[in-house]
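> Sending over model12.tsv (TSV, C-alpha atoms and all ligand atoms).
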chain	number	residue	atom	x	y	z
A	1	SER	CA	-0.01	-13.14	-28.27
A	2	LEU	CA	0.24	-12.37	-24.59
A	3	PRO	CA	1.87	-9.08	-23.51
A	4	THR	CA	5.39	-8.84	-22.09
A	5	LEU	CA	5.67	-7.69	-18.48
A	6	ALA	CA	8.67	-6.11	-16.76
A	7	VAL	CA	8.94	-5.95	-12.98
A	8	VAL	CA	11.33	-3.12	-12.14
A	9	GLY	CA	12.66	-3.41	-8.58
A	10	ALA	CA	12.08	-7.16	-8.59
A	11	THR	CA	14.35	-7.90	-5.62
A	12	GLY	CA	12.97	-5.32	-3.15
A	13	ALA	CA	10.36	-5.93	-0.42
A	14	VAL	CA	7.44	-5.23	-2.78
A	15	GLY	CA	9.11	-6.81	-5.83
A	16	THR	CA	9.56	-10.06	-3.91
A	17	VAL	CA	5.86	-10.16	-3.04
A	18	MET	CA	5.08	-9.28	-6.66
A	19	CYS	CA	6.84	-12.46	-7.83
A	20	GLN	CA	4.75	-14.48	-5.37
A	21	ILE	CA	1.57	-12.78	-6.57
A	22	LEU	CA	2.45	-13.37	-10.25
A	23	SER	CA	2.89	-17.04	-9.37
A	24	SER	CA	-0.58	-17.31	-7.86
A	25	ARG	CA	-2.82	-15.22	-10.13
A	26	ARG	CA	-4.32	-16.16	-13.47
A	27	ASN	CA	-1.54	-16.07	-16.03
A	28	VAL	CA	-2.12	-13.22	-18.47
A	29	TRP	CA	1.51	-12.58	-19.40
A	30	GLY	CA	3.84	-13.81	-22.12
A	31	GLU	CA	7.43	-13.09	-21.13
A	32	ILE	CA	8.10	-11.79	-17.62
A	33	ARG	CA	11.32	-9.80	-17.31
A	34	LEU	CA	12.76	-9.04	-13.88
A	35	LEU	CA	14.81	-5.84	-13.65
A	36	ALA	CA	16.68	-4.32	-10.72
A	37	SER	CA	19.75	-2.30	-9.84
A	38	GLU	CA	23.17	-3.37	-11.08
A	39	ARG	CA	23.82	-4.76	-7.59
A	40	SER	CA	21.03	-7.35	-7.88
A	41	ALA	CA	21.63	-8.26	-11.53
A	42	GLY	CA	22.39	-11.95	-12.04
A	43	ARG	CA	20.28	-13.13	-9.09
A	44	ARG	CA	17.98	-16.07	-9.81
A	45	VAL	CA	14.39	-15.59	-8.69
A	46	GLN	CA	11.38	-17.92	-8.84
A	47	CYS	CA	8.45	-16.32	-10.60
A	48	ARG	CA	5.39	-18.00	-12.10
A	49	GLY	CA	7.05	-21.38	-11.77
A	50	GLU	CA	10.11	-20.33	-13.74
A	51	GLU	CA	13.57	-19.50	-12.48
A	52	LEU	CA	14.34	-16.08	-13.94
A	53	THR	CA	17.63	-14.20	-13.98
A	54	VAL	CA	17.39	-10.61	-12.78
A	55	GLN	CA	18.72	-8.13	-15.34
A	56	ALA	CA	20.12	-4.68	-14.71
A	57	LEU	CA	17.72	-1.81	-15.42
A	58	THR	CA	18.84	-0.22	-18.71
A	59	ALA	CA	16.92	1.43	-21.55
A	60	ASP	CA	17.62	-1.57	-23.78
A	61	ALA	CA	16.29	-3.98	-21.16
A	62	LEU	CA	12.94	-2.18	-21.49
A	63	ASP	CA	12.68	-2.79	-25.23
A	64	GLY	CA	9.67	-4.86	-26.24
A	65	VAL	CA	8.00	-4.48	-22.84
A	66	ASP	CA	4.22	-3.86	-23.00
A	67	VAL	CA	3.63	-3.20	-19.29
A	68	ALA	CA	6.32	-2.17	-16.80
A	69	MET	CA	5.57	-2.31	-13.08
A	70	PHE	CA	7.84	-0.06	-11.03
A	71	ASP	CA	8.47	-0.92	-7.36
A	72	VAL	CA	11.40	1.40	-6.71
A	73	PRO	CA	12.07	4.66	-4.82
A	74	ASP	CA	10.53	7.91	-6.10
A	75	ASP	CA	13.71	9.20	-7.75
A	76	VAL	CA	14.30	5.95	-9.66
A	77	SER	CA	10.71	5.98	-10.94
A	78	ALA	CA	10.94	9.66	-11.87
A	79	GLN	CA	14.00	8.91	-13.97
A	80	TRP	CA	13.10	5.54	-15.48
A	81	ALA	CA	9.30	5.47	-15.95
A	82	PRO	CA	9.50	8.00	-18.83
A	83	VAL	CA	12.28	5.88	-20.40
A	84	ALA	CA	10.02	2.81	-20.28
A	85	VAL	CA	7.20	4.84	-21.87
A	86	SER	CA	9.52	6.08	-24.60
A	87	ARG	CA	10.36	2.45	-25.37
A	88	GLY	CA	6.66	1.66	-25.81
A	89	ALA	CA	5.57	0.38	-22.39
A	90	VAL	CA	2.65	1.45	-20.23
A	91	VAL	CA	4.01	2.02	-16.71
A	92	VAL	CA	2.23	1.11	-13.49
A	93	ASP	CA	4.20	2.99	-10.87
A	94	ASN	CA	4.09	2.22	-7.17
A	95	SER	CA	6.22	5.18	-6.09
A	96	GLY	CA	5.01	8.61	-5.05
A	97	ALA	CA	6.63	10.30	-8.04
A	98	PHE	CA	3.54	10.66	-10.26
A	99	ARG	CA	0.53	10.08	-8.00
A	100	MET	CA	-0.63	13.66	-7.86
A	101	ASP	CA	0.19	14.47	-11.52
A	102	ARG	CA	-3.04	15.60	-13.25
A	103	ASP	CA	-2.16	13.52	-16.30
A	104	VAL	CA	-1.58	10.35	-14.29
A	105	PRO	CA	-4.61	8.41	-13.04
A	106	LEU	CA	-4.47	6.99	-9.51
A	107	VAL	CA	-6.21	3.67	-9.87
A	108	VAL	CA	-7.79	1.26	-7.41
A	109	PRO	CA	-9.47	-1.42	-9.55
A	110	GLU	CA	-12.36	-1.91	-7.09
A	111	ILE	CA	-13.14	1.82	-7.21
A	112	ASN	CA	-12.12	3.54	-10.48
A	113	PRO	CA	-11.02	0.84	-12.97
A	114	ASP	CA	-12.07	2.90	-16.01
A	115	GLN	CA	-9.33	5.41	-15.21
A	116	VAL	CA	-6.69	2.99	-16.59
A	117	ARG	CA	-7.59	4.17	-20.10
A	118	ASN	CA	-7.12	7.83	-19.18
A	119	ARG	CA	-3.29	7.93	-19.26
A	120	PRO	CA	-1.91	10.73	-21.45
A	121	ARG	CA	1.62	10.23	-20.07
A	122	GLY	CA	1.53	6.45	-20.45
A	123	ILE	CA	1.83	6.16	-16.66
A	124	ILE	CA	-0.72	4.89	-14.13
A	125	ALA	CA	-0.02	5.39	-10.44
A	126	ASN	CA	-0.62	2.98	-7.60
A	127	ALA	CA	-1.71	4.59	-4.32
A	128	ASN	CA	0.28	4.61	-1.08
A	129	CYS	CA	-0.15	1.49	1.05
A	130	THR	CA	-1.89	3.28	3.92
A	131	THR	CA	-4.37	4.93	1.57
A	132	LEU	CA	-5.09	1.61	-0.14
A	133	ALA	CA	-5.83	-0.31	3.06
A	134	MET	CA	-8.44	2.27	4.04
A	135	ILE	CA	-9.91	3.42	0.74
A	136	VAL	CA	-11.34	0.07	-0.42
A	137	ALA	CA	-13.45	0.06	2.73
A	138	ILE	CA	-14.41	3.73	2.56
A	139	ALA	CA	-15.37	3.89	-1.14
A	140	PRO	CA	-18.47	1.65	-0.86
A	141	LEU	CA	-19.58	3.53	2.28
A	142	HIS	CA	-19.10	6.79	0.38
A	143	ARG	CA	-21.28	5.47	-2.45
A	144	GLU	CA	-23.99	4.63	0.05
A	145	TYR	CA	-23.92	7.65	2.35
A	146	GLY	CA	-21.87	10.45	0.68
A	147	LEU	CA	-18.55	11.05	2.42
A	148	ARG	CA	-17.85	14.52	3.88
A	149	GLU	CA	-14.87	14.08	6.20
A	150	LEU	CA	-12.26	11.57	7.35
A	151	VAL	CA	-10.34	11.69	10.63
A	152	LEU	CA	-7.68	8.96	10.54
A	153	ALA	CA	-4.99	7.48	12.75
A	154	SER	CA	-2.71	4.87	11.19
A	155	TYR	CA	-0.83	1.97	12.79
A	156	GLN	CA	1.82	1.21	10.18
A	157	ALA	CA	4.00	-1.86	9.91
A	158	VAL	CA	7.76	-1.65	9.57
A	159	SER	CA	7.81	-3.37	6.14
A	160	GLY	CA	6.26	-0.15	4.79
A	161	ALA	CA	9.80	1.16	5.08
A	162	GLY	CA	11.15	-1.81	3.10
A	163	GLN	CA	13.31	-4.73	4.07
A	164	ALA	CA	15.53	-2.38	6.10
A	165	GLY	CA	12.55	-1.64	8.34
A	166	VAL	CA	11.86	-5.35	8.92
A	167	ASP	CA	15.53	-6.02	9.64
A	168	ALA	CA	15.66	-3.13	12.15
A	169	LEU	CA	12.63	-4.35	14.12
A	170	HIS	CA	13.90	-7.93	14.34
A	171	LEU	CA	17.34	-6.75	15.38
A	172	GLN	CA	15.83	-4.57	18.10
A	173	LEU	CA	13.57	-7.39	19.33
A	174	GLY	CA	16.65	-9.58	19.62
A	175	LYS	CA	18.40	-6.95	21.70
A	176	ILE	CA	15.54	-6.47	24.18
A	177	ALA	CA	14.44	-10.11	24.45
A	178	GLY	CA	14.43	-11.59	27.92
A	179	ASP	CA	14.86	-8.33	29.87
A	180	ARG	CA	11.69	-8.17	31.95
A	181	VAL	CA	12.38	-4.74	33.38
A	182	LEU	CA	12.84	-2.89	30.08
A	183	GLY	CA	10.18	-0.32	29.31
A	184	SER	CA	9.65	0.75	32.88
A	185	ARG	CA	12.17	3.59	32.93
A	186	ALA	CA	12.58	6.55	30.54
A	187	GLY	CA	15.42	5.93	28.14
A	188	ASP	CA	16.00	2.27	29.01
A	189	VAL	CA	14.67	0.98	25.66
A	190	ARG	CA	16.69	3.58	23.74
A	191	GLN	CA	19.78	2.42	25.58
A	192	ALA	CA	19.12	-1.27	24.93
A	193	VAL	CA	18.44	-0.69	21.23
A	194	GLY	CA	21.42	1.64	20.77
A	195	ASP	CA	21.87	3.09	17.31
A	196	GLU	CA	20.22	0.20	15.45
A	197	LEU	CA	17.27	2.36	14.40
A	198	GLY	CA	17.23	1.37	10.73
A	199	PRO	CA	15.06	3.76	8.70
A	200	PHE	CA	13.15	5.02	11.77
A	201	PRO	CA	13.72	8.08	13.96
A	202	ALA	CA	13.30	6.12	17.24
A	203	PRO	CA	13.19	2.50	18.47
A	204	LEU	CA	10.16	0.48	17.37
A	205	ALA	CA	10.58	-2.38	19.84
A	206	LEU	CA	8.30	-1.81	22.89
A	207	ASN	CA	7.30	1.51	21.37
A	208	VAL	CA	5.08	3.39	18.90
A	209	VAL	CA	6.48	6.26	16.82
A	210	PRO	CA	4.09	9.00	15.64
A	211	TRP	CA	5.99	9.54	12.41
A	212	ALA	CA	6.09	8.08	8.87
A	213	GLY	CA	7.56	9.66	5.77
A	214	SER	CA	9.32	13.00	5.85
A	215	LEU	CA	8.49	16.51	7.02
A	216	ALA	CA	5.90	18.41	4.98
A	217	ASP	CA	4.49	21.91	5.64
A	218	ASP	CA	3.21	23.05	9.03
A	219	GLY	CA	4.33	19.98	10.94
A	220	TRP	CA	2.44	17.42	8.84
A	221	SER	CA	4.28	14.35	7.54
A	222	THR	CA	4.34	13.44	3.84
A	223	GLU	CA	2.54	10.19	4.73
A	224	GLU	CA	-0.32	12.17	6.33
A	225	MET	CA	-0.56	14.40	3.26
A	226	LYS	CA	-0.62	11.33	0.99
A	227	LEU	CA	-3.63	9.99	2.87
A	228	ARG	CA	-5.41	13.29	2.35
A	229	ASN	CA	-4.47	14.01	-1.26
A	230	GLU	CA	-4.76	10.47	-2.60
A	231	SER	CA	-8.14	9.86	-0.92
A	232	ARG	CA	-9.46	13.02	-2.56
A	233	LYS	CA	-8.14	12.01	-5.98
A	234	ILE	CA	-9.29	8.37	-5.91
A	235	LEU	CA	-12.78	9.23	-4.69
A	236	GLY	CA	-13.03	12.28	-6.98
A	237	LEU	CA	-13.78	14.51	-3.98
A	238	PRO	CA	-11.38	17.47	-4.27
A	239	ASP	CA	-12.86	19.21	-1.22
A	240	LEU	CA	-12.99	16.21	1.12
A	241	LYS	CA	-11.80	17.13	4.62
A	242	VAL	CA	-9.10	14.72	5.75
A	243	SER	CA	-6.97	14.85	8.90
A	244	ALA	CA	-4.55	12.02	9.56
A	245	THR	CA	-1.97	11.10	12.17
A	246	CYS	CA	0.43	8.42	10.94
A	247	VAL	CA	2.07	6.17	13.51
A	248	ARG	CA	4.65	3.40	13.08
A	249	VAL	CA	4.08	0.34	15.31
A	250	PRO	CA	6.11	-2.82	15.98
A	251	VAL	CA	4.28	-4.94	13.40
A	252	VAL	CA	6.14	-6.63	10.54
A	253	THR	CA	3.45	-6.44	7.85
A	254	GLY	CA	-0.12	-5.10	7.90
A	255	HIS	CA	-1.06	-1.42	8.02
A	256	SER	CA	-4.10	-0.54	10.12
A	257	VAL	CA	-6.16	2.64	10.17
A	258	ALA	CA	-8.67	3.85	12.79
A	259	VAL	CA	-11.27	5.77	10.79
A	260	HIS	CA	-13.82	8.38	11.86
A	261	ALA	CA	-15.91	9.03	8.75
A	262	VAL	CA	-18.58	11.72	8.57
A	263	PHE	CA	-21.26	11.37	5.89
A	264	ALA	CA	-23.98	13.53	4.33
A	265	THR	CA	-26.78	11.33	5.64
A	266	GLU	CA	-27.52	9.44	8.82
A	267	VAL	CA	-25.87	6.04	9.06
A	268	ASP	CA	-26.43	2.92	11.06
A	269	ALA	CA	-23.85	0.32	11.92
A	270	GLU	CA	-25.77	-2.73	10.71
A	271	SER	CA	-26.46	-1.31	7.26
A	272	ALA	CA	-22.81	-0.19	7.05
A	273	ARG	CA	-21.79	-3.79	7.83
A	274	GLU	CA	-24.06	-4.95	5.01
A	275	VAL	CA	-22.38	-2.49	2.63
A	276	VAL	CA	-18.94	-3.81	3.63
A	277	ARG	CA	-20.12	-7.44	3.34
A	278	ASN	CA	-21.14	-6.86	-0.27
A	279	ALA	CA	-18.18	-4.74	-1.37
A	280	PRO	CA	-15.28	-6.09	-3.46
A	281	GLY	CA	-11.80	-6.27	-1.93
A	282	VAL	CA	-12.93	-6.12	1.69
A	283	ILE	CA	-13.86	-8.66	4.31
A	284	LEU	CA	-16.00	-7.95	7.35
A	285	VAL	CA	-14.46	-9.17	10.61
A	286	ASP	CA	-16.66	-7.58	13.23
A	287	ASP	CA	-17.58	-9.69	16.22
A	288	PRO	CA	-15.91	-8.17	19.27
A	289	ALA	CA	-17.89	-10.42	21.61
A	290	SER	CA	-15.94	-13.38	20.20
A	291	GLY	CA	-12.68	-11.47	19.95
A	292	GLU	CA	-12.94	-11.03	16.18
A	293	PHE	CA	-11.54	-7.80	14.83
A	294	PRO	CA	-9.20	-6.87	11.98
A	295	MET	CA	-5.57	-7.37	13.03
A	296	PRO	CA	-2.31	-7.47	11.09
A	297	ILE	CA	-1.28	-10.88	12.46
A	298	ASP	CA	-4.35	-12.33	10.73
A	299	ALA	CA	-4.51	-10.07	7.66
A	300	VAL	CA	-0.86	-10.52	6.61
A	301	GLY	CA	-0.53	-12.57	3.43
A	302	THR	CA	-4.19	-12.08	2.48
A	303	ASP	CA	-5.65	-10.00	-0.33
A	304	PRO	CA	-8.62	-8.06	1.13
A	305	SER	CA	-8.75	-5.18	3.57
A	306	TRP	CA	-10.17	-6.46	6.83
A	307	VAL	CA	-12.87	-4.19	8.28
A	308	GLY	CA	-14.39	-4.26	11.74
A	309	ARG	CA	-15.26	-2.39	14.93
A	310	ILE	CA	-17.98	-0.61	12.95
A	311	ARG	CA	-19.90	1.72	15.28
A	312	ARG	CA	-22.14	4.71	14.78
A	313	SER	CA	-20.71	7.72	16.53
A	314	VAL	CA	-22.47	8.29	19.86
A	315	ASP	CA	-22.52	12.04	19.26
A	316	ASP	CA	-23.11	12.28	15.51
A	317	PRO	CA	-25.72	10.13	13.73
A	318	ARG	CA	-23.95	10.87	10.42
A	319	ALA	CA	-20.60	9.45	11.52
A	320	LEU	CA	-19.11	5.97	11.64
A	321	ASP	CA	-16.04	4.76	13.49
A	322	LEU	CA	-14.28	1.67	12.22
A	323	PHE	CA	-10.94	-0.13	12.06
A	324	VAL	CA	-9.28	-1.42	8.88
A	325	THR	CA	-6.21	-3.63	8.40
A	326	GLY	CA	-4.61	-4.54	5.07
A	327	ASP	CA	-1.39	-6.22	3.98
A	328	ASN	CA	0.72	-3.23	2.96
A	329	LEU	CA	2.88	-5.29	0.61
A	330	ARG	CA	-0.06	-6.99	-1.13
A	331	LYS	CA	-3.17	-4.78	-1.59
A	332	GLY	CA	-1.07	-1.87	-0.36
A	333	ALA	CA	1.45	-2.34	-3.15
A	334	ALA	CA	2.08	-5.44	-5.27
A	335	LEU	CA	-1.49	-6.76	-5.53
A	336	ASN	CA	-3.05	-3.42	-6.52
A	337	THR	CA	-0.26	-2.95	-9.09
A	338	ALA	CA	-0.88	-6.46	-10.44
A	339	GLN	CA	-4.64	-5.82	-10.65
A	340	ILE	CA	-4.04	-2.61	-12.64
A	341	ALA	CA	-1.58	-4.39	-14.92
A	342	GLU	CA	-4.12	-7.18	-15.52
A	343	LEU	CA	-6.69	-4.59	-16.65
A	344	LEU	CA	-4.06	-3.37	-19.14
A	345	ALA	CA	-3.18	-6.92	-20.22
A	346	LYS	CA	-6.77	-7.47	-21.27
A	347	ASP	CA	-6.54	-4.49	-23.64
A	348	LEU	CA	-3.05	-5.38	-24.89
A	349	THR	CA	-3.56	-9.07	-25.61
A	350	ARG	CA	-3.57	-9.61	-29.38
A	351	PRO	CA	-5.79	-12.42	-30.63
A	401	LIG	C1	5.32	3.43	4.71
A	401	LIG	N1	3.55	4.13	3.24
A	401	LIG	O1	4.57	2.65	5.28
A	401	LIG	C2	4.95	3.97	3.38
A	401	LIG	C3	5.54	3.10	2.31
A	401	LIG	N2	5.10	3.47	1.02
A	401	LIG	O2	6.38	3.83	5.14
I'd like the structure from this file rewritten - as structure tokens, please.

Amino acid sequence: SLPTLAVVGATGAVGTVMCQILSSRRNVWGEIRLLASERSAGRRVQCRGEELTVQALTADALDGVDVAMFDVPDDVSAQWAPVAVSRGAVVVDNSGAFRMDRDVPLVVPEINPDQVRNRPRGIIANANCTTLAMIVAIAPLHREYGLRELVLASYQAVSGAGQAGVDALHLQLGKIAGDRVLGSRAGDVRQAVGDELGPFPAPLALNVVPWAGSLADDGWSTEEMKLRNESRKILGLPDLKVSATCVRVPVVTGHSVAVHAVFATEVDAESAREVVRNAPGVILVDDPASGEFPMPIDAVGTDPSWVGRIRRSVDDPRALDLFVTGDNLRKGAALNTAQIAELLAKDLTRP
């Protein structure tokens, strides 16, 4: 029989996309159970062509679940993922709670699918959305040329901060619309936006904010550290040099990353394009002469990471510069989780 799937956090920004993804992928699940906070319990949600009633997350609601996907904040995952495991489920967790745990594999199916079987805690982690957008493009280049260093700058969409981030941007855009002078004097945008900042430390409308996540050591943000630590773990390169600057931009969905990648051997742009063309999970969009580059307004709602602007560094024949955009709610979250869960479903399906 087919395994039972639970989606924990089914009504959040990622959970909502998860239901859409489950409706469009090959059906490998028996029962699908939607779980969320008490507040969302009772809501009716369309998933895989069925109207399902969201249930409150309780230990009993996890009984009989084979695979539980968690799309909830870190503290909720930290508390509830072990409960799901104790009730017999394998957990695929999209929070940051377990990603760097030695006994929890960090899986990107295009890169390290075999790691799904290496799960002593019964938990498999899904990488951060910014890491995911970039790493599916970098892994095949690493295989070809041997990666030594990454210098990254991100351009992150507001939906990375959940529905509250999307609501804040739209509210701010409403407040500034039509004023053709705004943005020409210090403080005028702050004044127009007022205190409707949502989850961000500054206005996003007509602005970019060099901050995502919370404060880590020595002035780095947690988001920047995730890019470093998760890239090292996924690629199996514990000494990889990674420097990142994470920036929030007024985009609804689609995280982009400008990448400077230094390799062990000399590279050339055309062969790098060929590598990207043949790699799974990525699409090459690299024709600047015709205005074709990866951009969130085109990549949103699609599965692959879009890769373009591939150039060999003028000053270092071993370095490539490129630009990547991926849908942070799909490959960056729900899709990668679904792909991992599908690998598990194959093992769990009983003839
Ligand atoms: C963000 N990466 O974009 C985070 C969400 N996990 O804020």
> Check which residues fall inside 8 Å of ligand LIG 401 (chain A) when counting all atoms listed in the file, and print them as a ChimeraX atom specification.
/A:95-96,128-130,156-162,212-213,223,248,255,328
> Can you pull out the residues contacting Val267 (chain A)? Cut-off 7 Å, using only C-alpha atoms, and skip same-chain residues under 2 positions away; I want them as a list in words.
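These residues fall inside the cut-off: Thr265, Ala269, Arg312, Pro317, Arg318 and Ala319 of chain A.
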> Of the candidates A:Phe293, A:Tyr155, A:Trp211, A:Phe263, which shows the shortest atom-to-atom distance to Ser313 (chain A), using only C-alpha atoms?
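Nearest candidate to Ser313 (chain A) out of A:Phe293, A:Tyr155, A:Trp211, A:Phe263: A:Phe263.
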> Please list, as a list in words, the residues that have an atom at most 12 Å away from (-12.3, 7.0, -15.7) in the coordinates of this file, counting all atoms listed in the file.
Val104, Pro105, Leu106, Val107, Val108, Pro109, Ile111, Asn112, Pro113, Asp114, Gln115, Val116, Arg117, Asn118, Arg119, Ile124, Lys233, Ile234, Leu235 and Gly236 of chain A
> Write out as a PDB file with C-alpha atoms, in the coordinates of the input the residues lying within 12 Å of His170 (chain A), counting only C-alpha atoms and excluding same-chain residues fewer than 5 positions away.

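File out_27.pdb, as written:
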ATOM      1  CA  VAL A 158       7.760  -1.650   9.570  1.00  0.00           C
ATOM      2  CA  SER A 159       7.810  -3.370   6.140  1.00  0.00           C
ATOM      3  CA  GLN A 163      13.310  -4.730   4.070  1.00  0.00           C
ATOM      4  CA  ALA A 164      15.530  -2.380   6.100  1.00  0.00           C
ATOM      5  CA  GLY A 165      12.550  -1.640   8.340  1.00  0.00           C
ATOM      6  CA  LYS A 175      18.400  -6.950  21.700  1.00  0.00           C
ATOM      7  CA  ILE A 176      15.540  -6.470  24.180  1.00  0.00           C
ATOM      8  CA  ALA A 177      14.440 -10.110  24.450  1.00  0.00           C
ATOM      9  CA  VAL A 193      18.440  -0.690  21.230  1.00  0.00           C
ATOM     10  CA  GLU A 196      20.220   0.200  15.450  1.00  0.00           C
ATOM     11  CA  LEU A 197      17.270   2.360  14.400  1.00  0.00           C
ATOM     12  CA  GLY A 198      17.230   1.370  10.730  1.00  0.00           C
ATOM     13  CA  PRO A 203      13.190   2.500  18.470  1.00  0.00           C
ATOM     14  CA  LEU A 204      10.160   0.480  17.370  1.00  0.00           C
ATOM     15  CA  ALA A 205      10.580  -2.380  19.840  1.00  0.00           C
ATOM     16  CA  LEU A 206       8.300  -1.810  22.890  1.00  0.00           C
ATOM     17  CA  PRO A 250       6.110  -2.820  15.980  1.00  0.00           C
ATOM     18  CA  VAL A 251       4.280  -4.940  13.400  1.00  0.00           C
ATOM     19  CA  VAL A 252       6.140  -6.630  10.540  1.00  0.00           C
TER      20      VAL A 252
END
> For CA of Val136 (chain A) and CA of Thr325 (chain A), quote the distance in Å rounded to one decimal.
10.9 Å
> Is there a way to get, as a ChimeraX atom specification, all residues within 12 Å of the point (2.3, -2.2, -21.8) in file coordinates, counting all atoms listed in the file?
/A:2-7,29-30,32,62-69,81,84-92,116-117,119,122-124,340-349
> In terms of the shortest atom-to-atom distance over all atoms listed in the file, which of A:Val166, A:Ala216, A:Leu237, A:Ala59 is closest to Ala13 (chain A)?
A:Val166
> Do you have the CA of Thr337 (chain A)-CA of Ala127 (chain A) distance handy?
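Computed distance, CA of Thr337 (chain A) to CA of Ala127 (chain A), equals 9.0 Å.
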> Which centre and edge lengths in Å to one decimal define the box along x, y and z that fits every listed atom of region 68-86 of chain A plus 5 Å per side, as JSON?

{"center_x": 9.9, "center_y": 3.7, "center_z": -14.7, "size_x": 18.7, "size_y": 22.0, "size_z": 29.8}
> Using all atoms listed in the file, which residues sit within 12 Å of Trp220 (chain A) once same-chain residues fewer than 6 positions away are excluded, as an mmCIF file with C-alpha atoms, in the coordinates of the input?

data_model
loop_
_atom_site.group_PDB
_atom_site.id
_atom_site.type_symbol
_atom_site.label_atom_id
_atom_site.label_comp_id
_atom_site.auth_asym_id
_atom_site.auth_seq_id
_atom_site.Cartn_x
_atom_site.Cartn_y
_atom_site.Cartn_z
ATOM 1 C CA PRO A 210 4.090 9.000 15.640
ATOM 2 C CA TRP A 211 5.990 9.540 12.410
ATOM 3 C CA ALA A 212 6.090 8.080 8.870
ATOM 4 C CA GLY A 213 7.560 9.660 5.770
ATOM 5 C CA SER A 214 9.320 13.000 5.850
ATOM 6 C CA LYS A 226 -0.620 11.330 0.990
ATOM 7 C CA LEU A 227 -3.630 9.990 2.870
ATOM 8 C CA ARG A 228 -5.410 13.290 2.350
ATOM 9 C CA SER A 243 -6.970 14.850 8.900
ATOM 10 C CA ALA A 244 -4.550 12.020 9.560
ATOM 11 C CA THR A 245 -1.970 11.100 12.170
ATOM 12 C CA CYS A 246 0.430 8.420 10.940
#
> Quote the spacing between CA of Val72 (chain A) and CA of Ala333 (chain A) in Å to one decimal place.
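Value for the CA of Val72 (chain A)-CA of Ala333 (chain A) distance: 11.2 Å.
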> Quick one: everything within 7 Å of Leu141 (chain A), counting all atoms listed in the file, minus sequence neighbours fewer than 3 positions away in the same chain. Send it as a PyMOL selection string.
chain A and resi 138+144-145+272+275
> Store the residues picked out above, limited to C-alpha atoms, as a PDB file, in the coordinates of the input.

ATOM      1  CA  ILE A 138     -14.410   3.730   2.560  1.00  0.00           C
ATOM      2  CA  GLU A 144     -23.990   4.630   0.050  1.00  0.00           C
ATOM      3  CA  TYR A 145     -23.920   7.650   2.350  1.00  0.00           C
ATOM      4  CA  ALA A 272     -22.810  -0.190   7.050  1.00  0.00           C
ATOM      5  CA  VAL A 275     -22.380  -2.490   2.630  1.00  0.00           C
TER       6      VAL A 275
END
> Restricting the calculation to all atoms listed in the file, which member of A:Leu35, A:Ala264, A:Val17, A:Gly174 is positioned closest to Thr302 (chain A)?
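Result for the nearest residue to Thr302 (chain A): A:Val17.
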> I need the residue nearest Val54 (chain A) from this list: A:Pro280, A:Gly308, A:Pro73, A:Gly15. Use all atoms listed in the file for the distance.
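The answer is A:Gly15, which sits nearest to Val54 (chain A).
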> Write out as number ranges by chain which residues come within 7 Å of Ser37 (chain A) when counting all atoms listed in the file, dropping same-chain ones fewer than 4 positions away.
A: 41, 56-57
> Take the residues just selected and output them with C-alpha atoms as a PDB file, in the frame of the given file.

ATOM      1  CA  ALA A  41      21.630  -8.260 -11.530  1.00  0.00           C
ATOM      2  CA  ALA A  56      20.120  -4.680 -14.710  1.00  0.00           C
ATOM      3  CA  LEU A  57      17.720  -1.810 -15.420  1.00  0.00           C
TER       4      LEU A  57
END
> Using only C-alpha atoms, which of A:Val14, A:Ala36, A:Leu147, A:Val28 sits nearest Arg350 (chain A)?
A:Val28
